[in-house]
file structure.cif (mmCIF, C-alpha atoms)
data_run
#
loop_
_atom_site.group_PDB
_atom_site.id
_atom_site.type_symbol
_atom_site.label_atom_id
_atom_site.label_comp_id
_atom_site.auth_asym_id
_atom_site.auth_seq_id
_atom_site.Cartn_x
_atom_site.Cartn_y
_atom_site.Cartn_z
ATOM 1 C CA MET A 45 -41.709 -19.610 -45.352
ATOM 2 C CA SER A 46 -41.049 -23.131 -44.241
ATOM 3 C CA ALA A 47 -40.825 -24.280 -40.621
ATOM 4 C CA ALA A 48 -37.090 -24.807 -41.009
ATOM 5 C CA GLY A 49 -36.686 -21.175 -42.067
ATOM 6 C CA TRP A 50 -38.585 -19.957 -38.995
ATOM 7 C CA VAL A 51 -36.459 -22.125 -36.716
ATOM 8 C CA MET A 52 -33.313 -20.687 -38.299
ATOM 9 C CA ILE A 53 -34.529 -17.128 -37.742
ATOM 10 C CA ILE A 54 -35.379 -17.897 -34.106
ATOM 11 C CA ALA A 55 -31.949 -19.498 -33.592
ATOM 12 C CA VAL A 56 -30.140 -16.513 -35.044
ATOM 13 C CA VAL A 57 -32.189 -14.091 -32.934
ATOM 14 C CA LEU A 58 -31.441 -16.202 -29.872
ATOM 15 C CA ILE A 59 -27.721 -16.156 -30.580
ATOM 16 C CA VAL A 60 -27.721 -12.402 -31.148
ATOM 17 C CA ALA A 61 -29.670 -11.861 -27.911
ATOM 18 C CA VAL A 62 -27.192 -13.967 -25.959
ATOM 19 C CA ILE A 63 -24.300 -12.013 -27.484
ATOM 20 C CA VAL A 64 -25.953 -8.696 -26.582
ATOM 21 C CA VAL A 65 -26.632 -9.728 -22.986
ATOM 22 C CA TYR A 66 -23.125 -10.972 -22.352
ATOM 23 C CA LEU A 67 -21.451 -8.057 -24.116
ATOM 24 C CA LEU A 68 -23.504 -5.571 -22.079
ATOM 25 C CA ALA A 69 -22.433 -7.285 -18.860
ATOM 26 C CA THR A 70 -18.846 -7.245 -20.060
ATOM 27 C CA ILE A 71 -19.085 -3.546 -20.867
ATOM 28 C CA VAL A 72 -20.388 -2.824 -17.361
ATOM 29 C CA ALA A 73 -17.518 -4.793 -15.830
ATOM 30 C CA LEU A 74 -14.966 -3.002 -18.007
ATOM 31 C CA ARG A 75 -16.406 0.365 -16.973
ATOM 32 C CA LYS A 76 -15.933 -0.614 -13.312
ATOM 33 C CA ILE A 77 -12.364 -1.600 -14.107
ATOM 34 C CA THR A 78 -11.748 1.729 -15.799
ATOM 35 C CA ALA A 79 -13.134 3.634 -12.805
ATOM 36 C CA GLY A 80 -11.028 1.568 -10.401
ATOM 37 C CA LEU A 81 -7.884 2.101 -12.476
ATOM 38 C CA ASP A 82 -8.551 5.829 -12.596
ATOM 39 C CA ASP A 83 -8.770 5.802 -8.802
ATOM 40 C CA ALA A 84 -5.579 3.760 -8.520
ATOM 41 C CA ILE A 85 -3.746 6.006 -10.954
ATOM 42 C CA GLY A 86 -4.793 9.019 -8.895
ATOM 43 C CA GLY A 87 -3.392 7.388 -5.741
ATOM 44 C CA VAL A 88 -0.165 6.399 -7.467
ATOM 45 C CA GLY A 89 0.175 9.936 -8.778
ATOM 46 C CA GLU A 90 -0.147 11.266 -5.234
ATOM 47 C CA ILE A 91 2.458 8.778 -4.046
ATOM 48 C CA ILE A 92 4.859 9.916 -6.754
ATOM 49 C CA GLN A 93 4.203 13.553 -5.957
ATOM 50 C CA LYS A 94 4.617 13.119 -2.199
ATOM 51 C CA SER A 95 7.713 10.934 -2.437
ATOM 52 C CA GLU A 96 9.467 13.165 -4.958
ATOM 53 C CA PRO A 97 11.460 15.230 -2.407
ATOM 54 C CA VAL A 98 12.240 12.234 -0.182
ATOM 55 C CA ALA A 99 15.378 11.181 -2.028
ATOM 56 C CA ALA A 100 16.998 14.606 -1.786
ATOM 57 C CA VAL A 101 16.097 15.051 1.890
ATOM 58 C CA VAL A 102 17.257 11.563 2.860
ATOM 59 C CA ALA A 103 20.484 12.062 0.894
ATOM 60 C CA ASP A 104 21.093 15.300 2.792
ATOM 61 C CA ILE A 105 20.355 13.623 6.136
ATOM 62 C CA ASN A 106 22.740 10.795 5.243
ATOM 63 C CA ALA A 107 25.423 13.275 4.205
ATOM 64 C CA ASN A 108 25.119 15.080 7.544
ATOM 65 C CA LEU A 109 25.163 11.817 9.477
ATOM 66 C CA ASP A 110 28.195 10.683 7.490
ATOM 67 C CA ALA A 111 29.959 13.898 8.432
ATOM 68 C CA GLY A 112 29.033 13.297 12.081
ATOM 69 C CA VAL A 113 30.339 9.727 11.965
ATOM 70 C CA ASP A 114 33.583 10.895 10.336
ATOM 71 C CA LEU A 115 33.976 13.591 12.981
ATOM 72 C CA LEU A 116 33.280 11.396 15.989
ATOM 73 C CA GLU A 117 35.275 8.424 14.707
ATOM 74 C CA GLY A 118 38.239 10.628 13.913
ATOM 75 C CA LEU A 119 38.083 12.328 17.297
ATOM 76 C CA LEU A 120 37.744 9.031 19.146
ATOM 77 C CA VAL A 121 40.696 7.474 17.336
ATOM 78 C CA LYS A 122 42.775 10.651 17.736
ATOM 79 C CA LYS A 123 42.176 10.834 21.459
ATOM 80 C CA ALA A 124 41.978 7.198 22.466
ATOM 81 C CA GLY A 125 44.007 5.449 19.781
ATOM 82 C CA LEU A 126 42.642 2.945 17.311
ATOM 83 C CA SER A 127 42.775 -0.100 19.552
ATOM 84 C CA GLU A 128 41.183 1.626 22.544
ATOM 85 C CA ALA A 129 38.559 3.216 20.309
ATOM 86 C CA VAL A 130 37.544 -0.165 18.935
ATOM 87 C CA GLY A 131 37.449 -1.533 22.475
ATOM 88 C CA LEU A 132 35.300 1.324 23.710
ATOM 89 C CA VAL A 133 32.858 0.925 20.821
ATOM 90 C CA ASP A 134 32.719 -2.820 21.432
ATOM 91 C CA GLY A 135 32.167 -2.200 25.142
ATOM 92 C CA LEU A 136 29.191 0.039 24.443
ATOM 93 C CA TYR A 137 27.793 -1.986 21.554
ATOM 94 C CA PRO A 138 28.870 -5.617 22.015
ATOM 95 C CA GLY A 139 29.902 -7.162 18.727
ATOM 96 C CA ALA A 140 30.314 -3.845 16.943
ATOM 97 C CA ALA A 141 34.070 -4.339 16.729
ATOM 98 C CA ALA A 142 33.543 -6.928 14.018
ATOM 99 C CA ALA A 143 32.233 -4.215 11.714
ATOM 100 C CA GLY A 144 35.089 -1.933 12.671
ATOM 101 C CA LEU A 145 35.288 1.817 12.265
ATOM 102 C CA ARG A 146 34.144 3.016 8.878
ATOM 103 C CA ASN A 147 37.056 5.308 8.106
ATOM 104 C CA PHE A 148 39.676 2.961 9.546
ATOM 105 C CA PRO A 149 39.678 -0.277 7.541
ATOM 106 C CA ASP A 150 42.431 -1.717 9.716
ATOM 107 C CA SER A 151 40.124 -1.554 12.722
ATOM 108 C CA THR A 152 38.445 -4.792 11.658
ATOM 109 C CA LYS A 153 41.730 -6.624 12.205
ATOM 110 C CA ILE A 154 42.120 -5.364 15.762
ATOM 111 C CA LYS A 155 41.198 -7.604 18.637
ATOM 112 C CA PRO A 156 39.186 -5.212 20.813
ATOM 113 C CA PRO A 157 40.589 -4.794 24.314
ATOM 114 C CA ARG A 158 38.112 -5.575 27.040
ATOM 115 C CA ILE A 159 37.472 -2.027 28.083
ATOM 116 C CA SER A 160 35.284 -3.009 31.019
ATOM 117 C CA GLU A 161 38.349 -4.659 32.551
ATOM 118 C CA VAL A 162 40.780 -1.908 31.615
ATOM 119 C CA TYR A 163 38.677 1.046 32.687
ATOM 120 C CA THR A 164 36.533 1.479 35.742
ATOM 121 C CA ARG A 165 32.818 1.179 35.754
ATOM 122 C CA GLY A 166 32.646 4.926 36.092
ATOM 123 C CA THR A 167 34.355 5.411 32.755
ATOM 124 C CA LEU A 168 31.782 3.302 30.977
ATOM 125 C CA THR A 169 29.052 5.093 32.894
ATOM 126 C CA LEU A 170 30.381 8.394 31.614
ATOM 127 C CA ALA A 171 30.522 6.964 28.123
ATOM 128 C CA ARG A 172 26.910 5.835 28.405
ATOM 129 C CA LEU A 173 25.981 9.273 29.666
ATOM 130 C CA GLY A 174 27.435 10.554 26.428
ATOM 131 C CA ARG A 175 24.956 8.403 24.579
ATOM 132 C CA GLU A 176 22.164 10.156 26.400
ATOM 133 C CA ALA A 177 23.700 13.572 26.029
ATOM 134 C CA PRO A 178 21.647 16.780 26.416
ATOM 135 C CA ILE A 179 21.345 16.976 22.639
ATOM 136 C CA ALA A 180 18.804 14.178 23.003
ATOM 137 C CA ALA A 181 16.492 16.453 24.971
ATOM 138 C CA ALA A 182 14.047 16.543 22.076
ATOM 139 C CA SER A 183 13.962 12.756 21.852
ATOM 140 C CA PRO A 184 10.447 11.363 21.448
ATOM 141 C CA ASN A 185 11.348 8.712 24.028
ATOM 142 C CA GLY A 186 11.441 11.304 26.783
ATOM 143 C CA PRO A 187 13.890 13.728 28.314
ATOM 144 C CA ALA A 188 17.598 13.164 28.217
ATOM 145 C CA LEU A 189 18.980 10.898 30.900
ATOM 146 C CA ARG A 190 21.599 13.461 31.763
ATOM 147 C CA ASN A 191 20.236 16.751 32.953
ATOM 148 C CA PRO A 192 22.690 19.443 31.948
ATOM 149 C CA ALA A 193 21.680 21.658 34.875
ATOM 150 C CA TYR A 194 21.799 18.933 37.533
ATOM 151 C CA GLY A 195 24.200 16.452 35.983
ATOM 152 C CA SER A 196 25.322 14.683 39.143
ATOM 153 C CA SER A 197 21.852 14.029 40.498
ATOM 154 C CA ALA A 198 20.724 12.748 37.130
ATOM 155 C CA ALA A 199 23.744 10.481 36.905
ATOM 156 C CA ARG A 200 22.881 9.105 40.338
ATOM 157 C CA THR A 201 19.629 7.794 38.918
ATOM 158 C CA LEU A 202 21.688 5.309 36.935
ATOM 159 C CA TYR A 203 22.195 3.337 40.136
ATOM 160 C CA PRO A 204 18.955 1.422 40.750
ATOM 161 C CA ASP A 205 19.582 1.002 44.479
ATOM 162 C CA GLY A 206 20.462 4.611 44.965
ATOM 163 C CA ARG A 207 23.888 5.946 45.605
ATOM 164 C CA ALA A 208 25.008 7.535 48.850
ATOM 165 C CA LEU A 209 26.151 11.105 48.615
ATOM 166 C CA HIS A 210 29.182 10.234 50.789
ATOM 167 C CA ALA A 211 30.390 7.491 53.039
ATOM 168 C CA LYS A 212 28.689 7.227 56.422
ATOM 169 C CA ALA A 213 31.991 7.060 58.278
ATOM 170 C CA LEU A 214 35.244 8.153 56.763
ATOM 171 C CA PRO A 215 38.524 6.657 58.090
ATOM 172 C CA ARG A 216 40.241 8.868 60.611
ATOM 173 C CA SER A 217 43.340 10.754 59.634
ATOM 174 C CA PRO A 218 46.572 9.116 60.831
ATOM 175 C CA VAL A 219 48.013 10.437 64.050
ATOM 176 C CA ILE A 220 51.510 11.786 63.595
ATOM 177 C CA GLY A 221 54.061 13.082 66.038
ATOM 178 C CA THR A 222 56.023 11.710 68.943
ATOM 179 C CA GLU A 223 52.911 10.436 70.711
ATOM 180 C CA SER A 224 51.411 8.709 67.701
ATOM 181 C CA PRO A 225 50.411 5.057 68.308
ATOM 182 C CA VAL A 226 52.542 3.904 65.381
ATOM 183 C CA GLN A 227 56.158 4.919 65.638
ATOM 184 C CA TYR A 228 58.775 4.581 62.932
ATOM 185 C CA ASP A 229 62.433 4.021 63.572
ATOM 186 C CA PRO A 230 64.260 7.116 62.292
ATOM 187 C CA ASP A 231 67.455 5.159 61.809
ATOM 188 C CA GLU A 232 65.683 2.873 59.498
ATOM 189 C CA GLU A 233 63.415 5.323 57.766
ATOM 190 C CA VAL A 234 65.404 8.528 57.374
ATOM 191 C CA GLY A 235 68.222 8.758 54.868
ATOM 192 C CA GLY A 236 68.176 5.123 53.968
ATOM 193 C CA PRO A 237 66.467 3.184 51.262
ATOM 194 C CA ARG A 238 62.860 2.383 51.847
ATOM 195 C CA ARG A 239 62.180 -1.054 53.196
ATOM 196 C CA ARG A 240 61.067 -3.442 50.535
ATOM 197 C CA MET A 241 57.782 -5.072 51.081
ATOM 198 C CA PRO A 242 57.700 -8.880 51.106
ATOM 199 C CA ALA A 243 55.266 -8.978 48.208
ATOM 200 C CA THR A 244 57.674 -7.220 45.828
ATOM 201 C CA SER A 245 58.406 -9.421 42.832
ATOM 202 C CA PRO A 246 62.035 -10.569 42.271
ATOM 203 C CA GLU A 247 62.294 -8.715 38.976
ATOM 204 C CA ARG A 248 61.657 -5.360 40.612
ATOM 205 C CA SER A 249 63.907 -5.972 43.693
ATOM 206 C CA MET B 84 -35.079 -28.900 -46.779
ATOM 207 C CA THR B 85 -33.096 -31.537 -44.945
ATOM 208 C CA LEU B 86 -29.960 -29.415 -45.190
ATOM 209 C CA GLN B 87 -31.868 -26.464 -43.727
ATOM 210 C CA TRP B 88 -32.911 -28.586 -40.724
ATOM 211 C CA ILE B 89 -29.329 -29.745 -40.297
ATOM 212 C CA GLY B 90 -28.233 -26.110 -40.309
ATOM 213 C CA ASP B 91 -30.852 -25.256 -37.665
ATOM 214 C CA VAL B 92 -29.650 -28.089 -35.462
ATOM 215 C CA ILE B 93 -26.037 -26.982 -35.824
ATOM 216 C CA LEU B 94 -27.041 -23.429 -34.938
ATOM 217 C CA LEU B 95 -28.915 -24.441 -31.810
ATOM 218 C CA VAL B 96 -26.815 -27.355 -30.619
ATOM 219 C CA VAL B 97 -23.281 -26.289 -31.565
ATOM 220 C CA LEU B 98 -23.035 -22.580 -32.340
ATOM 221 C CA LEU B 99 -25.220 -21.246 -29.528
ATOM 222 C CA PRO B 100 -23.437 -23.199 -26.725
ATOM 223 C CA VAL B 101 -20.049 -22.216 -28.124
ATOM 224 C CA VAL B 102 -21.048 -18.538 -28.212
ATOM 225 C CA ILE B 103 -22.417 -18.737 -24.665
ATOM 226 C CA TYR B 104 -19.268 -20.522 -23.431
ATOM 227 C CA LEU B 105 -16.930 -17.952 -24.960
ATOM 228 C CA LEU B 106 -18.903 -14.943 -23.788
ATOM 229 C CA ARG B 107 -19.212 -16.343 -20.262
ATOM 230 C CA GLY B 108 -15.428 -16.711 -20.190
ATOM 231 C CA VAL B 109 -14.903 -13.098 -21.234
ATOM 232 C CA LEU B 110 -17.447 -11.860 -18.699
ATOM 233 C CA GLY B 111 -15.947 -13.997 -15.917
ATOM 234 C CA ALA B 112 -12.477 -12.660 -16.611
ATOM 235 C CA ALA B 113 -13.707 -9.056 -16.675
ATOM 236 C CA THR B 114 -15.660 -9.383 -13.409
ATOM 237 C CA SER B 115 -12.746 -11.120 -11.677
ATOM 238 C CA ILE B 116 -10.535 -8.119 -12.436
ATOM 239 C CA VAL B 117 -12.873 -5.675 -10.702
ATOM 240 C CA PRO B 118 -12.071 -6.711 -7.068
ATOM 241 C CA SER B 119 -8.343 -6.701 -7.821
ATOM 242 C CA VAL B 120 -8.546 -3.210 -9.253
ATOM 243 C CA ASP B 121 -10.514 -2.080 -6.204
ATOM 244 C CA ARG B 122 -7.836 -3.506 -3.924
ATOM 245 C CA ILE B 123 -5.111 -1.756 -5.928
ATOM 246 C CA ALA B 124 -6.985 1.518 -5.668
ATOM 247 C CA ARG B 125 -7.390 1.105 -1.886
ATOM 248 C CA ALA B 126 -3.680 0.275 -1.520
ATOM 249 C CA ALA B 127 -2.726 3.320 -3.570
ATOM 250 C CA ARG B 128 -4.927 5.549 -1.412
ATOM 251 C CA ALA B 129 -3.472 4.023 1.767
ATOM 252 C CA GLY B 130 0.072 4.442 0.438
ATOM 253 C CA SER B 131 -0.652 8.041 -0.391
ATOM 254 C CA ALA B 132 -2.013 8.590 3.126
ATOM 255 C CA ASP B 133 1.097 6.983 4.634
ATOM 256 C CA LEU B 134 3.237 9.511 2.812
ATOM 257 C CA ASP B 135 1.441 12.392 4.515
ATOM 258 C CA ALA B 136 4.234 12.249 7.129
ATOM 259 C CA VAL B 137 6.921 12.933 4.525
ATOM 260 C CA PRO B 138 7.074 16.671 5.362
ATOM 261 C CA LEU B 139 8.266 15.630 8.833
ATOM 262 C CA LEU B 140 11.486 14.577 7.105
ATOM 263 C CA LEU B 141 12.261 18.266 6.787
ATOM 264 C CA THR B 142 12.092 18.526 10.585
ATOM 265 C CA THR B 143 14.328 15.476 10.847
ATOM 266 C CA GLN B 144 16.744 17.045 8.393
ATOM 267 C CA ASP B 145 16.863 20.226 10.448
ATOM 268 C CA GLN B 146 17.308 18.308 13.698
ATOM 269 C CA VAL B 147 20.124 16.234 12.199
ATOM 270 C CA VAL B 148 21.941 19.359 11.110
ATOM 271 C CA LYS B 149 21.592 20.883 14.584
ATOM 272 C CA THR B 150 22.677 17.639 16.250
ATOM 273 C CA ILE B 151 25.759 17.325 14.084
ATOM 274 C CA GLN B 152 26.592 20.963 14.739
ATOM 275 C CA ALA B 153 26.291 20.371 18.494
ATOM 276 C CA ALA B 154 28.439 17.243 18.208
ATOM 277 C CA ALA B 155 31.014 19.183 16.185
ATOM 278 C CA ASN B 156 31.148 21.934 18.797
ATOM 279 C CA TYR B 157 31.391 19.333 21.561
ATOM 280 C CA GLY B 158 34.106 17.464 19.663
ATOM 281 C CA GLY B 159 36.029 20.660 19.021
ATOM 282 C CA SER B 160 36.068 21.409 22.721
ATOM 283 C CA LEU B 161 37.129 17.861 23.550
ATOM 284 C CA ASP B 162 39.879 18.104 20.961
ATOM 285 C CA VAL B 163 41.264 21.109 22.815
ATOM 286 C CA ILE B 164 40.769 19.720 26.327
ATOM 287 C CA LEU B 165 41.998 16.156 25.891
ATOM 288 C CA ASP B 166 45.488 15.101 24.920
ATOM 289 C CA ASP B 167 45.930 13.036 21.817
ATOM 290 C CA ALA B 168 46.649 9.345 22.168
ATOM 291 C CA GLU B 169 50.256 8.298 21.902
ATOM 292 C CA GLY B 170 51.250 7.876 18.278
ATOM 293 C CA ALA B 171 48.074 9.534 17.011
#

call {"tool": "encode", "arguments": {"input": "structure.cif", "output": "C-alpha cells"}}
result
Amino acid sequence: MSAAGWVMIIAVVLIVAVIVVYLLATIVALRKITAGLDDAIGGVGEIIQKSEPVAAVVADINANLDAGVDLLEGLLVKKAGLSEAVGLVDGLYPGAAAAGLRNFPDSTKIKPPRISEVYTRGTLTLARLGREAPIAAASPNGPALRNPAYGSSAARTLYPDGRALHAKALPRSPVIGTESPVQYDPDEEVGGPRRRMPATSPERS
Amino acid sequence: MTLQWIGDVILLVVLLPVVIYLLRGVLGAATSIVPSVDRIARAARAGSADLDAVPLLLTTQDQVVKTIQAAANYGGSLDVILDDAEGA
C-alpha cells in the first residue's frame, strides 16, 4: 500500500475516534438530562397531586365568605341605611367607599357622610371592637382585643393613657326648696311660657 | 496518486475540523442543558414542599364556616334587637 493510502486510513480512524469521543460525552450529558427531567417530572407530579383539592376548598371558602359579606352588608344597610352604612365603612376603612358595597351598586354614587363627625368617638370605638370580636380568639396574631368575659376592662385598654373608672369629683346635686341659693320667680315660671334664651335663633322664636 | 494525496489533505484539513466543530456544538448544547434541568428539578421539589401546607386549607375552611355561622347568629340577634333604618 502506498503512503497516501496509509495516511487516508489514519485520517479516517482519527475522524471516527473523534466522533466516538464526542458522541460518548454527548450520551453522558443526555443521560444526566434524562435523570434531571425524571426528577423534575416527579416534583411536578407531586405539585399536581397536592394542589388538586385546592380549587374546590378555596371555592368553598369563597362561597362561605361571600355569604358572610352578603349577610353583613345586608344587615348593615337594613339597620343603618345605605348612606350611613357607606359612611361607617369609609370611617373604618378610609377610601373603601369608592369601591362601594358589593350588593348595592348605587352605593358607589353616594358621598359617604363623615361618620366621625356625626357619631361620637365611642360609636367608632364600639365598631372597632366589632372588628376584634371574640370570634377572632383563635387568631394567630394573638387573643381577641375584646374579652367576652371582661369586656369593659378590655375596652379600657384601647385608651393608651388609661381611662378613669369614674370622675374624681362629680358635680353636686342642685339644692331645691325655699332655702335654695337660686330662687325662681313663681309668677314668671309657673303657668306661663318658658323664658326664651337670648341665643335662640329667630326662626325658632 | 496526486488525487489520493489531495483527498488525504481534504480529510485532515477540512473534514476533521468540521466534524470536531459540529460535535463540540452538540456536546456544548447538551451540557448546557444539564444545569437548567437540575434547577428545574430543585424548583419542582421546593414547590412540592411548599404545598405541604395545603391540608391546612381544610382547617381554614372549617374555621370560615364556623366564623360565618357565628356572624350569622350575631347578625340574627342584632336584627331582632335593633330597629331598621328609616325607609329600609

call {"tool": "residues_around", "arguments": {"input": "structure.cif", "residues": "range 96-109 of chain B", "least_positions_apart": "5", "cutoff": "9 Å", "atoms": "all atoms listed in the file", "output": "PyMOL selection string"}}
result
(chain A and resi 55-56+58-59+62-63+66-67+70) or (chain B and resi 91+114)

call {"tool": "resolve_selection", "arguments": {"input": "structure.cif", "expression": "the PyMOL selection byres ((chain A) within 7 of (chain B))", "output": "ChimeraX atom specification"}}
result
/A:48,51-52,55,59,62,66,69-70,73-74,76-77,80-81,83-84,87-88,90-91,94,101,105,108,112,119,122-125,179

call {"tool": "atom_distance", "arguments": {"input": "structure.cif", "atom1": "CA of Leu115 in chain A", "atom2": "CA of Pro157 in chain A"}}
result
22.6 Å

call {"tool": "atom_distance", "arguments": {"input": "structure.cif", "atom1": "CA of Arg158 in chain A", "atom2": "CA of Gly131 in chain A"}}
result
6.1 Å

call {"tool": "atom_distance", "arguments": {"input": "structure.cif", "atom1": "CA of Ile92 in chain A", "atom2": "CA of Asp104 in chain A"}}
result
19.6 Å
